[in-house]
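Student: Please find upload_25.cif (mmCIF, N, CA and C atoms and all ligand atoms) on the next line:
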```cif
data_protein
#
loop_
_atom_site.label_atom_id
_atom_site.label_comp_id
_atom_site.auth_asym_id
_atom_site.auth_seq_id
_atom_site.Cartn_x
_atom_site.Cartn_y
_atom_site.Cartn_z
N MET A 1 0.84 -1.19 0.00
CA MET A 1 0.00 0.00 0.00
C MET A 1 0.88 1.24 0.00
N LEU A 2 0.40 2.26 -0.63
CA LEU A 2 1.10 3.53 -0.70
C LEU A 2 1.18 4.16 0.68
N ARG A 3 2.36 4.70 1.01
CA ARG A 3 2.48 5.42 2.28
C ARG A 3 2.06 6.86 2.10
N LEU A 4 1.24 7.33 3.02
CA LEU A 4 0.80 8.72 2.96
C LEU A 4 1.91 9.61 3.49
N ARG A 5 2.05 10.80 2.90
CA ARG A 5 3.10 11.72 3.33
C ARG A 5 2.73 12.47 4.59
N THR A 6 1.46 12.55 4.90
CA THR A 6 1.02 13.22 6.11
C THR A 6 0.10 12.29 6.89
N ALA A 7 0.12 12.47 8.20
CA ALA A 7 -0.77 11.68 9.05
C ALA A 7 -2.21 12.10 8.80
N THR A 8 -3.10 11.18 8.95
CA THR A 8 -4.52 11.50 8.81
C THR A 8 -4.97 12.27 10.04
N ASP A 9 -5.58 13.42 9.81
CA ASP A 9 -6.03 14.29 10.89
C ASP A 9 -7.08 13.57 11.74
N PRO A 10 -6.83 13.47 13.05
CA PRO A 10 -7.81 12.80 13.92
C PRO A 10 -9.19 13.47 13.89
N ALA A 11 -9.25 14.71 13.44
CA ALA A 11 -10.55 15.38 13.35
C ALA A 11 -11.48 14.66 12.38
N TRP A 12 -10.89 13.89 11.48
CA TRP A 12 -11.72 13.13 10.55
C TRP A 12 -12.61 12.13 11.29
N ILE A 13 -12.17 11.71 12.45
CA ILE A 13 -12.95 10.73 13.21
C ILE A 13 -14.33 11.30 13.56
N ASP A 14 -14.34 12.57 13.98
CA ASP A 14 -15.63 13.19 14.31
C ASP A 14 -16.52 13.26 13.07
N VAL A 15 -15.91 13.59 11.95
CA VAL A 15 -16.68 13.66 10.70
C VAL A 15 -17.26 12.29 10.36
N VAL A 16 -16.40 11.28 10.47
CA VAL A 16 -16.83 9.92 10.13
C VAL A 16 -17.94 9.46 11.07
N LEU A 17 -17.74 9.66 12.35
CA LEU A 17 -18.74 9.19 13.31
C LEU A 17 -20.02 10.01 13.22
N GLY A 18 -19.94 11.21 12.67
CA GLY A 18 -21.13 12.04 12.48
C GLY A 18 -22.09 11.46 11.46
N ASP A 19 -21.56 10.70 10.51
CA ASP A 19 -22.41 10.02 9.53
C ASP A 19 -21.69 8.74 9.12
N PHE A 20 -21.72 7.79 10.01
CA PHE A 20 -20.95 6.56 9.81
C PHE A 20 -21.44 5.77 8.60
N ASP A 21 -22.74 5.79 8.35
CA ASP A 21 -23.25 5.07 7.17
C ASP A 21 -22.67 5.65 5.88
N ALA A 22 -22.64 6.98 5.80
CA ALA A 22 -22.07 7.61 4.60
C ALA A 22 -20.59 7.26 4.46
N PHE A 23 -19.89 7.23 5.60
CA PHE A 23 -18.47 6.85 5.56
C PHE A 23 -18.32 5.44 5.00
N LEU A 24 -19.13 4.52 5.48
CA LEU A 24 -19.02 3.13 5.01
C LEU A 24 -19.25 3.04 3.51
N ILE A 25 -20.25 3.73 3.03
CA ILE A 25 -20.57 3.68 1.60
C ILE A 25 -19.43 4.28 0.78
N ASP A 26 -18.88 5.40 1.25
CA ASP A 26 -17.75 6.02 0.55
C ASP A 26 -16.51 5.11 0.63
N HIS A 27 -16.32 4.53 1.79
CA HIS A 27 -15.16 3.65 1.99
C HIS A 27 -15.23 2.45 1.05
N ALA A 28 -16.41 1.86 0.93
CA ALA A 28 -16.57 0.73 0.01
C ALA A 28 -16.22 1.15 -1.42
N ALA A 29 -16.69 2.33 -1.81
CA ALA A 29 -16.41 2.81 -3.17
C ALA A 29 -14.90 2.98 -3.37
N CYS A 30 -14.21 3.49 -2.35
CA CYS A 30 -12.75 3.68 -2.46
C CYS A 30 -12.04 2.33 -2.62
N GLU A 31 -12.45 1.35 -1.85
CA GLU A 31 -11.82 0.03 -1.94
C GLU A 31 -12.07 -0.58 -3.32
N ARG A 32 -13.31 -0.48 -3.78
CA ARG A 32 -13.66 -1.04 -5.09
C ARG A 32 -12.89 -0.35 -6.21
N LYS A 33 -12.80 0.96 -6.14
CA LYS A 33 -12.10 1.71 -7.19
C LYS A 33 -10.60 1.41 -7.17
N ALA A 34 -10.03 1.24 -5.98
CA ALA A 34 -8.60 0.91 -5.91
C ALA A 34 -8.34 -0.43 -6.59
N SER A 35 -9.19 -1.42 -6.31
CA SER A 35 -9.03 -2.73 -6.92
C SER A 35 -9.23 -2.64 -8.43
N ALA A 36 -10.30 -1.98 -8.84
CA ALA A 36 -10.61 -1.88 -10.27
C ALA A 36 -9.52 -1.13 -11.03
N THR A 37 -9.00 -0.08 -10.41
CA THR A 37 -7.95 0.69 -11.08
C THR A 37 -6.69 -0.14 -11.24
N ALA A 38 -6.35 -0.91 -10.21
CA ALA A 38 -5.17 -1.76 -10.31
C ALA A 38 -5.32 -2.75 -11.47
N LEU A 39 -6.49 -3.34 -11.60
CA LEU A 39 -6.72 -4.29 -12.69
C LEU A 39 -6.71 -3.60 -14.05
N LYS A 40 -7.21 -2.38 -14.06
CA LYS A 40 -7.19 -1.61 -15.31
C LYS A 40 -5.74 -1.33 -15.72
N LEU A 41 -4.91 -1.00 -14.76
CA LEU A 41 -3.50 -0.75 -15.05
C LEU A 41 -2.81 -2.03 -15.53
N VAL A 42 -3.15 -3.16 -14.93
CA VAL A 42 -2.58 -4.44 -15.36
C VAL A 42 -2.94 -4.70 -16.82
N ALA A 43 -4.19 -4.47 -17.15
CA ALA A 43 -4.63 -4.71 -18.53
C ALA A 43 -3.94 -3.75 -19.50
N HIS A 44 -3.77 -2.50 -19.08
CA HIS A 44 -3.22 -1.48 -19.96
C HIS A 44 -1.70 -1.60 -20.12
N TYR A 45 -1.03 -2.03 -19.05
CA TYR A 45 0.45 -2.10 -19.07
C TYR A 45 0.90 -3.54 -18.83
N SER A 46 0.30 -4.46 -19.52
CA SER A 46 0.56 -5.89 -19.28
C SER A 46 1.98 -6.31 -19.66
N ASP A 47 2.71 -5.46 -20.37
CA ASP A 47 4.09 -5.77 -20.73
C ASP A 47 5.06 -5.43 -19.59
N ARG A 48 4.61 -4.80 -18.56
CA ARG A 48 5.48 -4.41 -17.43
C ARG A 48 5.36 -5.48 -16.33
N THR A 49 6.26 -6.43 -16.41
CA THR A 49 6.16 -7.63 -15.59
C THR A 49 6.13 -7.33 -14.09
N VAL A 50 7.03 -6.49 -13.63
CA VAL A 50 7.09 -6.20 -12.20
C VAL A 50 5.79 -5.56 -11.74
N LEU A 51 5.32 -4.64 -12.52
CA LEU A 51 4.07 -3.95 -12.19
C LEU A 51 2.91 -4.94 -12.09
N VAL A 52 2.81 -5.80 -13.08
CA VAL A 52 1.71 -6.78 -13.09
C VAL A 52 1.78 -7.67 -11.86
N ARG A 53 2.99 -8.10 -11.52
CA ARG A 53 3.13 -8.98 -10.35
C ARG A 53 2.79 -8.26 -9.04
N GLU A 54 3.00 -6.97 -8.99
CA GLU A 54 2.66 -6.20 -7.79
C GLU A 54 1.17 -5.84 -7.74
N LEU A 55 0.64 -5.49 -8.88
CA LEU A 55 -0.73 -4.97 -8.89
C LEU A 55 -1.80 -6.03 -8.74
N ILE A 56 -1.56 -7.21 -9.19
CA ILE A 56 -2.59 -8.25 -9.05
C ILE A 56 -2.85 -8.57 -7.58
N PRO A 57 -1.82 -8.81 -6.75
CA PRO A 57 -2.11 -9.01 -5.32
C PRO A 57 -2.73 -7.77 -4.67
N PHE A 58 -2.29 -6.58 -5.12
CA PHE A 58 -2.88 -5.34 -4.60
C PHE A 58 -4.37 -5.31 -4.92
N ALA A 59 -4.73 -5.65 -6.15
CA ALA A 59 -6.14 -5.66 -6.54
C ALA A 59 -6.92 -6.67 -5.70
N GLN A 60 -6.31 -7.82 -5.45
CA GLN A 60 -6.98 -8.83 -4.62
C GLN A 60 -7.18 -8.32 -3.20
N GLU A 61 -6.15 -7.68 -2.64
CA GLU A 61 -6.24 -7.15 -1.28
C GLU A 61 -7.34 -6.10 -1.17
N GLU A 62 -7.37 -5.19 -2.14
CA GLU A 62 -8.39 -4.14 -2.11
C GLU A 62 -9.78 -4.72 -2.32
N LEU A 63 -9.88 -5.74 -3.15
CA LEU A 63 -11.18 -6.40 -3.34
C LEU A 63 -11.64 -7.08 -2.06
N GLU A 64 -10.70 -7.65 -1.32
CA GLU A 64 -11.05 -8.25 -0.02
C GLU A 64 -11.53 -7.17 0.95
N HIS A 65 -10.86 -6.02 0.95
CA HIS A 65 -11.32 -4.92 1.80
C HIS A 65 -12.74 -4.50 1.40
N TYR A 66 -12.96 -4.44 0.10
CA TYR A 66 -14.29 -4.08 -0.40
C TYR A 66 -15.34 -5.06 0.12
N ALA A 67 -15.01 -6.34 0.04
CA ALA A 67 -15.95 -7.36 0.51
C ALA A 67 -16.23 -7.20 2.00
N GLN A 68 -15.20 -6.89 2.77
CA GLN A 68 -15.38 -6.71 4.22
C GLN A 68 -16.29 -5.52 4.52
N VAL A 69 -16.05 -4.42 3.82
CA VAL A 69 -16.88 -3.23 4.05
C VAL A 69 -18.31 -3.48 3.58
N MET A 70 -18.46 -4.18 2.46
CA MET A 70 -19.81 -4.49 1.96
C MET A 70 -20.56 -5.37 2.94
N ASP A 71 -19.87 -6.29 3.59
CA ASP A 71 -20.54 -7.11 4.61
C ASP A 71 -21.12 -6.23 5.71
N ILE A 72 -20.35 -5.25 6.15
CA ILE A 72 -20.83 -4.34 7.19
C ILE A 72 -22.03 -3.53 6.68
N ILE A 73 -21.89 -3.04 5.46
CA ILE A 73 -22.98 -2.25 4.86
C ILE A 73 -24.27 -3.07 4.79
N LEU A 74 -24.16 -4.28 4.31
CA LEU A 74 -25.35 -5.13 4.16
C LEU A 74 -25.91 -5.52 5.52
N ASP A 75 -25.03 -5.78 6.49
CA ASP A 75 -25.50 -6.11 7.84
C ASP A 75 -26.27 -4.95 8.47
N ARG A 76 -25.93 -3.75 8.08
CA ARG A 76 -26.63 -2.56 8.61
C ARG A 76 -27.87 -2.21 7.79
N GLY A 77 -28.20 -3.03 6.79
CA GLY A 77 -29.38 -2.79 5.98
C GLY A 77 -29.22 -1.65 4.99
N LEU A 78 -27.99 -1.33 4.67
CA LEU A 78 -27.71 -0.23 3.74
C LEU A 78 -27.46 -0.79 2.34
N SER A 79 -27.37 0.10 1.39
CA SER A 79 -26.94 -0.28 0.06
C SER A 79 -26.04 0.84 -0.48
N THR A 80 -25.24 0.50 -1.46
CA THR A 80 -24.35 1.50 -2.03
C THR A 80 -25.10 2.34 -3.05
N GLN A 81 -24.42 3.37 -3.49
CA GLN A 81 -25.04 4.29 -4.45
C GLN A 81 -24.17 4.39 -5.69
N ALA A 82 -24.77 4.89 -6.76
CA ALA A 82 -24.00 5.11 -7.98
C ALA A 82 -22.88 6.11 -7.70
N ASP A 83 -21.77 5.93 -8.35
CA ASP A 83 -20.64 6.84 -8.18
C ASP A 83 -21.00 8.25 -8.65
N GLU A 84 -20.50 9.22 -7.92
CA GLU A 84 -20.66 10.62 -8.32
C GLU A 84 -19.28 11.20 -8.60
N LYS A 85 -19.23 12.18 -9.47
CA LYS A 85 -17.96 12.83 -9.73
C LYS A 85 -17.52 13.59 -8.49
N ASP A 86 -16.26 13.43 -8.16
CA ASP A 86 -15.69 14.09 -6.99
C ASP A 86 -14.84 15.27 -7.47
N PRO A 87 -15.22 16.50 -7.11
CA PRO A 87 -14.47 17.66 -7.60
C PRO A 87 -13.00 17.65 -7.16
N TYR A 88 -12.74 17.12 -5.98
CA TYR A 88 -11.35 17.02 -5.50
C TYR A 88 -10.54 16.09 -6.41
N VAL A 89 -11.12 14.95 -6.71
CA VAL A 89 -10.43 14.00 -7.59
C VAL A 89 -10.27 14.60 -8.98
N GLY A 90 -11.31 15.27 -9.45
CA GLY A 90 -11.23 15.90 -10.76
C GLY A 90 -10.11 16.92 -10.84
N ALA A 91 -9.95 17.71 -9.77
CA ALA A 91 -8.88 18.71 -9.74
C ALA A 91 -7.51 18.03 -9.73
N LEU A 92 -7.38 16.95 -8.98
CA LEU A 92 -6.10 16.23 -8.96
C LEU A 92 -5.79 15.61 -10.33
N MET A 93 -6.82 15.08 -10.97
CA MET A 93 -6.59 14.44 -12.28
C MET A 93 -6.10 15.45 -13.31
N LYS A 94 -6.50 16.72 -13.15
CA LYS A 94 -6.03 17.75 -14.07
C LYS A 94 -4.54 18.01 -13.90
N LEU A 95 -4.00 17.65 -12.75
CA LEU A 95 -2.57 17.86 -12.50
C LEU A 95 -1.70 16.77 -13.12
N ILE A 96 -2.33 15.68 -13.56
CA ILE A 96 -1.56 14.60 -14.16
C ILE A 96 -0.91 15.12 -15.44
N LYS A 97 0.37 14.93 -15.51
CA LYS A 97 1.13 15.45 -16.63
C LYS A 97 0.91 14.60 -17.88
N ARG A 98 1.10 15.18 -19.01
CA ARG A 98 0.92 14.49 -20.28
C ARG A 98 2.23 13.84 -20.69
N GLY A 99 2.15 12.97 -21.64
CA GLY A 99 3.31 12.17 -22.04
C GLY A 99 3.10 10.79 -21.47
N PRO A 100 3.33 9.75 -22.26
CA PRO A 100 2.95 8.41 -21.84
C PRO A 100 3.61 7.95 -20.55
N GLU A 101 4.89 8.21 -20.36
CA GLU A 101 5.57 7.70 -19.17
C GLU A 101 5.14 8.47 -17.92
N GLN A 102 5.08 9.78 -18.02
CA GLN A 102 4.66 10.59 -16.87
C GLN A 102 3.20 10.30 -16.53
N PHE A 103 2.39 10.15 -17.54
CA PHE A 103 0.98 9.84 -17.32
C PHE A 103 0.85 8.52 -16.57
N PHE A 104 1.64 7.56 -17.01
CA PHE A 104 1.61 6.24 -16.38
C PHE A 104 1.96 6.34 -14.89
N LEU A 105 3.05 7.04 -14.58
CA LEU A 105 3.50 7.14 -13.19
C LEU A 105 2.49 7.90 -12.32
N ASP A 106 2.00 8.99 -12.83
CA ASP A 106 1.02 9.78 -12.07
C ASP A 106 -0.26 8.98 -11.85
N ARG A 107 -0.68 8.32 -12.88
CA ARG A 107 -1.91 7.54 -12.78
C ARG A 107 -1.76 6.41 -11.76
N LEU A 108 -0.62 5.77 -11.82
CA LEU A 108 -0.35 4.67 -10.90
C LEU A 108 -0.35 5.18 -9.46
N ALA A 109 0.39 6.24 -9.22
CA ALA A 109 0.52 6.76 -7.86
C ALA A 109 -0.80 7.29 -7.34
N PHE A 110 -1.51 7.99 -8.17
CA PHE A 110 -2.72 8.63 -7.71
C PHE A 110 -3.89 7.65 -7.62
N ARG A 111 -4.16 7.02 -8.70
CA ARG A 111 -5.39 6.23 -8.77
C ARG A 111 -5.34 4.98 -7.92
N ALA A 112 -4.28 4.23 -8.06
CA ALA A 112 -4.25 2.95 -7.36
C ALA A 112 -3.91 3.13 -5.89
N GLY A 113 -3.07 4.09 -5.59
CA GLY A 113 -2.58 4.19 -4.23
C GLY A 113 -3.36 5.08 -3.30
N ARG A 114 -3.67 6.27 -3.73
CA ARG A 114 -4.24 7.25 -2.83
C ARG A 114 -5.57 6.82 -2.25
N ARG A 115 -6.44 6.31 -3.08
CA ARG A 115 -7.78 5.96 -2.61
C ARG A 115 -7.72 4.99 -1.45
N GLY A 116 -7.03 3.91 -1.67
CA GLY A 116 -6.98 2.89 -0.63
C GLY A 116 -6.20 3.34 0.59
N ALA A 117 -5.15 4.11 0.37
CA ALA A 117 -4.30 4.52 1.48
C ALA A 117 -5.04 5.42 2.45
N ARG A 118 -5.70 6.44 1.97
CA ARG A 118 -6.39 7.37 2.87
C ARG A 118 -7.59 6.69 3.52
N ALA A 119 -8.33 5.93 2.75
CA ALA A 119 -9.47 5.22 3.34
C ALA A 119 -8.99 4.27 4.42
N GLY A 120 -7.89 3.60 4.18
CA GLY A 120 -7.35 2.68 5.17
C GLY A 120 -6.86 3.40 6.41
N ALA A 121 -6.31 4.59 6.24
CA ALA A 121 -5.81 5.36 7.38
C ALA A 121 -6.96 5.76 8.30
N VAL A 122 -8.05 6.21 7.72
CA VAL A 122 -9.21 6.59 8.53
C VAL A 122 -9.76 5.34 9.23
N GLU A 123 -9.83 4.26 8.51
CA GLU A 123 -10.33 3.01 9.10
C GLU A 123 -9.43 2.59 10.26
N GLY A 124 -8.12 2.74 10.10
CA GLY A 124 -7.20 2.38 11.16
C GLY A 124 -7.42 3.21 12.42
N LEU A 125 -7.65 4.51 12.26
CA LEU A 125 -7.93 5.36 13.42
C LEU A 125 -9.21 4.94 14.10
N LEU A 126 -10.20 4.60 13.31
CA LEU A 126 -11.48 4.16 13.89
C LEU A 126 -11.30 2.88 14.70
N ARG A 127 -10.59 1.95 14.12
CA ARG A 127 -10.39 0.67 14.82
C ARG A 127 -9.57 0.88 16.10
N ARG A 128 -8.56 1.73 16.03
CA ARG A 128 -7.69 1.96 17.18
C ARG A 128 -8.40 2.68 18.32
N ASP A 129 -9.14 3.74 17.96
CA ASP A 129 -9.67 4.62 18.99
C ASP A 129 -11.14 4.39 19.32
N HIS A 130 -11.85 3.72 18.45
CA HIS A 130 -13.30 3.62 18.64
C HIS A 130 -13.83 2.20 18.51
N ALA A 131 -12.96 1.24 18.40
CA ALA A 131 -13.37 -0.17 18.32
C ALA A 131 -14.47 -0.38 17.29
N VAL A 132 -14.38 0.34 16.19
CA VAL A 132 -15.39 0.19 15.12
C VAL A 132 -14.96 -0.94 14.22
FE FE B 201 -8.06 -1.14 1.14
#
```
Using structure tokens, write down the structure from this file.
Ligand SMILES: [Fe+2]

Tutor:
Amino acid sequence: MLRLRTATDPAWIDVVLGDFDAFLIDHAACERKASATALKLVAHYSDRTVLVRELIPFAQEELEHYAQVMDIILDRGLSTQADEKDPYVGALMKLIKRGPEQFFLDRLAFRAGRRGARAGAVEGLLRRDHAV
């Protein structure tokens, strides 16, 4: 998993606990997108052996996280929602540089890593401090 450069602000815990159902639904989407993006990168860059060997287990791990979060969602009688465009993500995607190699690196770092890393960090704080 990608290491975050900054610690996750504990203030996020109050936000999460303020609407835990919404957090779960968003968290599930992040896990699913991380897995799907990794598989998309494998399909697109299948000639990069090291990458493929790293991303397939990553995709499996994120898919397992997705399954775990979905179990919680379903146990709570919730359902997920259609994806919505995220203006923050859209702004970050505009920063991705052009050119095949730079695009590849930025896409890999941003898409596959960031989603799962930040979602996992918030989840870790919840488990540590709130036994969620
Ligand atoms: Fe994850």

Student: Find, counting only N, CA and C atoms, the residue in A:Gln68, A:Gln60, A:Thr6, A:Thr80 that gets nearest to Ser35 (chain A).

Tutor: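 Among the listed residues, A:Gln60 lies closest to Ser35 (chain A).
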
Student: Determine, counting all atoms listed in the file, which protein, DNA and RNA residues have an atom within 8 Å of an atom of Leu39 (chain A); residues of the same chain fewer than 4 positions away are not included. Present the result as a PDB file with N, CA and C atoms, in the frame of the given file.

Tutor:
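Output (part05.pdb):
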```pdb
ATOM      1  N   LYS A  33     -12.800   0.960  -6.140  1.00  0.00           N
ATOM      2  CA  LYS A  33     -12.100   1.710  -7.190  1.00  0.00           C
ATOM      3  C   LYS A  33     -10.600   1.410  -7.170  1.00  0.00           C
ATOM      4  N   ALA A  34     -10.030   1.240  -5.980  1.00  0.00           N
ATOM      5  CA  ALA A  34      -8.600   0.910  -5.910  1.00  0.00           C
ATOM      6  C   ALA A  34      -8.340  -0.430  -6.590  1.00  0.00           C
ATOM      7  N   SER A  35      -9.190  -1.420  -6.310  1.00  0.00           N
ATOM      8  CA  SER A  35      -9.030  -2.730  -6.920  1.00  0.00           C
ATOM      9  C   SER A  35      -9.230  -2.640  -8.430  1.00  0.00           C
ATOM     10  N   ALA A  43      -4.190  -4.470 -17.150  1.00  0.00           N
ATOM     11  CA  ALA A  43      -4.630  -4.710 -18.530  1.00  0.00           C
ATOM     12  C   ALA A  43      -3.940  -3.750 -19.500  1.00  0.00           C
ATOM     13  N   HIS A  44      -3.770  -2.500 -19.080  1.00  0.00           N
ATOM     14  CA  HIS A  44      -3.220  -1.480 -19.960  1.00  0.00           C
ATOM     15  C   HIS A  44      -1.700  -1.600 -20.120  1.00  0.00           C
ATOM     16  N   TYR A  45      -1.030  -2.030 -19.050  1.00  0.00           N
ATOM     17  CA  TYR A  45       0.450  -2.100 -19.070  1.00  0.00           C
ATOM     18  C   TYR A  45       0.900  -3.540 -18.830  1.00  0.00           C
ATOM     19  N   LEU A  55       0.640  -5.490  -8.880  1.00  0.00           N
ATOM     20  CA  LEU A  55      -0.730  -4.970  -8.890  1.00  0.00           C
ATOM     21  C   LEU A  55      -1.800  -6.030  -8.740  1.00  0.00           C
ATOM     22  N   ILE A  56      -1.560  -7.210  -9.190  1.00  0.00           N
ATOM     23  CA  ILE A  56      -2.590  -8.250  -9.050  1.00  0.00           C
ATOM     24  C   ILE A  56      -2.850  -8.570  -7.580  1.00  0.00           C
ATOM     25  N   PHE A  58      -2.290  -6.580  -5.120  1.00  0.00           N
ATOM     26  CA  PHE A  58      -2.880  -5.340  -4.600  1.00  0.00           C
ATOM     27  C   PHE A  58      -4.370  -5.310  -4.920  1.00  0.00           C
ATOM     28  N   ALA A  59      -4.730  -5.650  -6.150  1.00  0.00           N
ATOM     29  CA  ALA A  59      -6.140  -5.660  -6.540  1.00  0.00           C
ATOM     30  C   ALA A  59      -6.920  -6.670  -5.700  1.00  0.00           C
ATOM     31  N   GLN A  60      -6.310  -7.820  -5.450  1.00  0.00           N
ATOM     32  CA  GLN A  60      -6.980  -8.830  -4.620  1.00  0.00           C
ATOM     33  C   GLN A  60      -7.180  -8.320  -3.200  1.00  0.00           C
ATOM     34  N   ALA A 112      -4.280   4.230  -8.060  1.00  0.00           N
ATOM     35  CA  ALA A 112      -4.250   2.950  -7.360  1.00  0.00           C
ATOM     36  C   ALA A 112      -3.910   3.130  -5.890  1.00  0.00           C
TER      37      ALA A 112
END
```

Student: Work out how far CA of Trp12 (chain A) is from CA of Ile25 (chain A), in Å to one decimal.

Tutor: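 The value is 15.7 Å.
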
Student: Counting only N, CA and C atoms, find the residues whose atoms lie at most 6.5 Å from (-14.5, -3.8, -1.1) (file coordinates) and write them out as a ChimeraX atom specification.

Tutor: /A:28,31-32,62-70

Student: Write the selection just made, keeping N, CA and C atoms, as a PDB file, keeping the file's coordinate frame?

Tutor:
```pdb
ATOM      1  N   ALA A  28     -16.410   1.860   0.930  1.00  0.00           N
ATOM      2  CA  ALA A  28     -16.570   0.730   0.010  1.00  0.00           C
ATOM      3  C   ALA A  28     -16.220   1.150  -1.420  1.00  0.00           C
ATOM      4  N   GLU A  31     -12.450   1.350  -1.850  1.00  0.00           N
ATOM      5  CA  GLU A  31     -11.820   0.030  -1.940  1.00  0.00           C
ATOM      6  C   GLU A  31     -12.070  -0.580  -3.320  1.00  0.00           C
ATOM      7  N   ARG A  32     -13.310  -0.480  -3.780  1.00  0.00           N
ATOM      8  CA  ARG A  32     -13.660  -1.040  -5.090  1.00  0.00           C
ATOM      9  C   ARG A  32     -12.890  -0.350  -6.210  1.00  0.00           C
ATOM     10  N   GLU A  62      -7.370  -5.190  -2.140  1.00  0.00           N
ATOM     11  CA  GLU A  62      -8.390  -4.140  -2.110  1.00  0.00           C
ATOM     12  C   GLU A  62      -9.780  -4.720  -2.320  1.00  0.00           C
ATOM     13  N   LEU A  63      -9.880  -5.740  -3.150  1.00  0.00           N
ATOM     14  CA  LEU A  63     -11.180  -6.400  -3.340  1.00  0.00           C
ATOM     15  C   LEU A  63     -11.640  -7.080  -2.060  1.00  0.00           C
ATOM     16  N   GLU A  64     -10.700  -7.650  -1.320  1.00  0.00           N
ATOM     17  CA  GLU A  64     -11.050  -8.250  -0.020  1.00  0.00           C
ATOM     18  C   GLU A  64     -11.530  -7.170   0.950  1.00  0.00           C
ATOM     19  N   HIS A  65     -10.860  -6.020   0.950  1.00  0.00           N
ATOM     20  CA  HIS A  65     -11.320  -4.920   1.800  1.00  0.00           C
ATOM     21  C   HIS A  65     -12.740  -4.500   1.400  1.00  0.00           C
ATOM     22  N   TYR A  66     -12.960  -4.440   0.100  1.00  0.00           N
ATOM     23  CA  TYR A  66     -14.290  -4.080  -0.400  1.00  0.00           C
ATOM     24  C   TYR A  66     -15.340  -5.060   0.120  1.00  0.00           C
ATOM     25  N   ALA A  67     -15.010  -6.340   0.040  1.00  0.00           N
ATOM     26  CA  ALA A  67     -15.950  -7.360   0.510  1.00  0.00           C
ATOM     27  C   ALA A  67     -16.230  -7.200   2.000  1.00  0.00           C
ATOM     28  N   GLN A  68     -15.200  -6.890   2.770  1.00  0.00           N
ATOM     29  CA  GLN A  68     -15.380  -6.710   4.220  1.00  0.00           C
ATOM     30  C   GLN A  68     -16.290  -5.520   4.520  1.00  0.00           C
ATOM     31  N   VAL A  69     -16.050  -4.420   3.820  1.00  0.00           N
ATOM     32  CA  VAL A  69     -16.880  -3.230   4.050  1.00  0.00           C
ATOM     33  C   VAL A  69     -18.310  -3.480   3.580  1.00  0.00           C
ATOM     34  N   MET A  70     -18.460  -4.180   2.460  1.00  0.00           N
ATOM     35  CA  MET A  70     -19.810  -4.490   1.960  1.00  0.00           C
ATOM     36  C   MET A  70     -20.560  -5.370   2.940  1.00  0.00           C
TER      37      MET A  70
END
```

Student: Would you work out the distance separating CA of Ile73 (chain A) from CA of Asp26 (chain A), expressed in Å to one decimal?

Tutor: 10.7 Å

Student: Can you tell me how far CA of Phe104 (chain A) sits from atom C of Leu41 (chain A), in Å to one decimal?

Tutor: 9.4 Å

Student: Compare A:Arg48, A:Arg76, A:His27, A:Lys85 by their minimum atom-to-atom distance to ligand FE 201 (chain B), counting only C-alpha atoms and all ligand atoms, and give me the closest one.

Tutor: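 Among the listed residues, the smallest separation from ligand FE 201 (chain B) belongs to A:His27.
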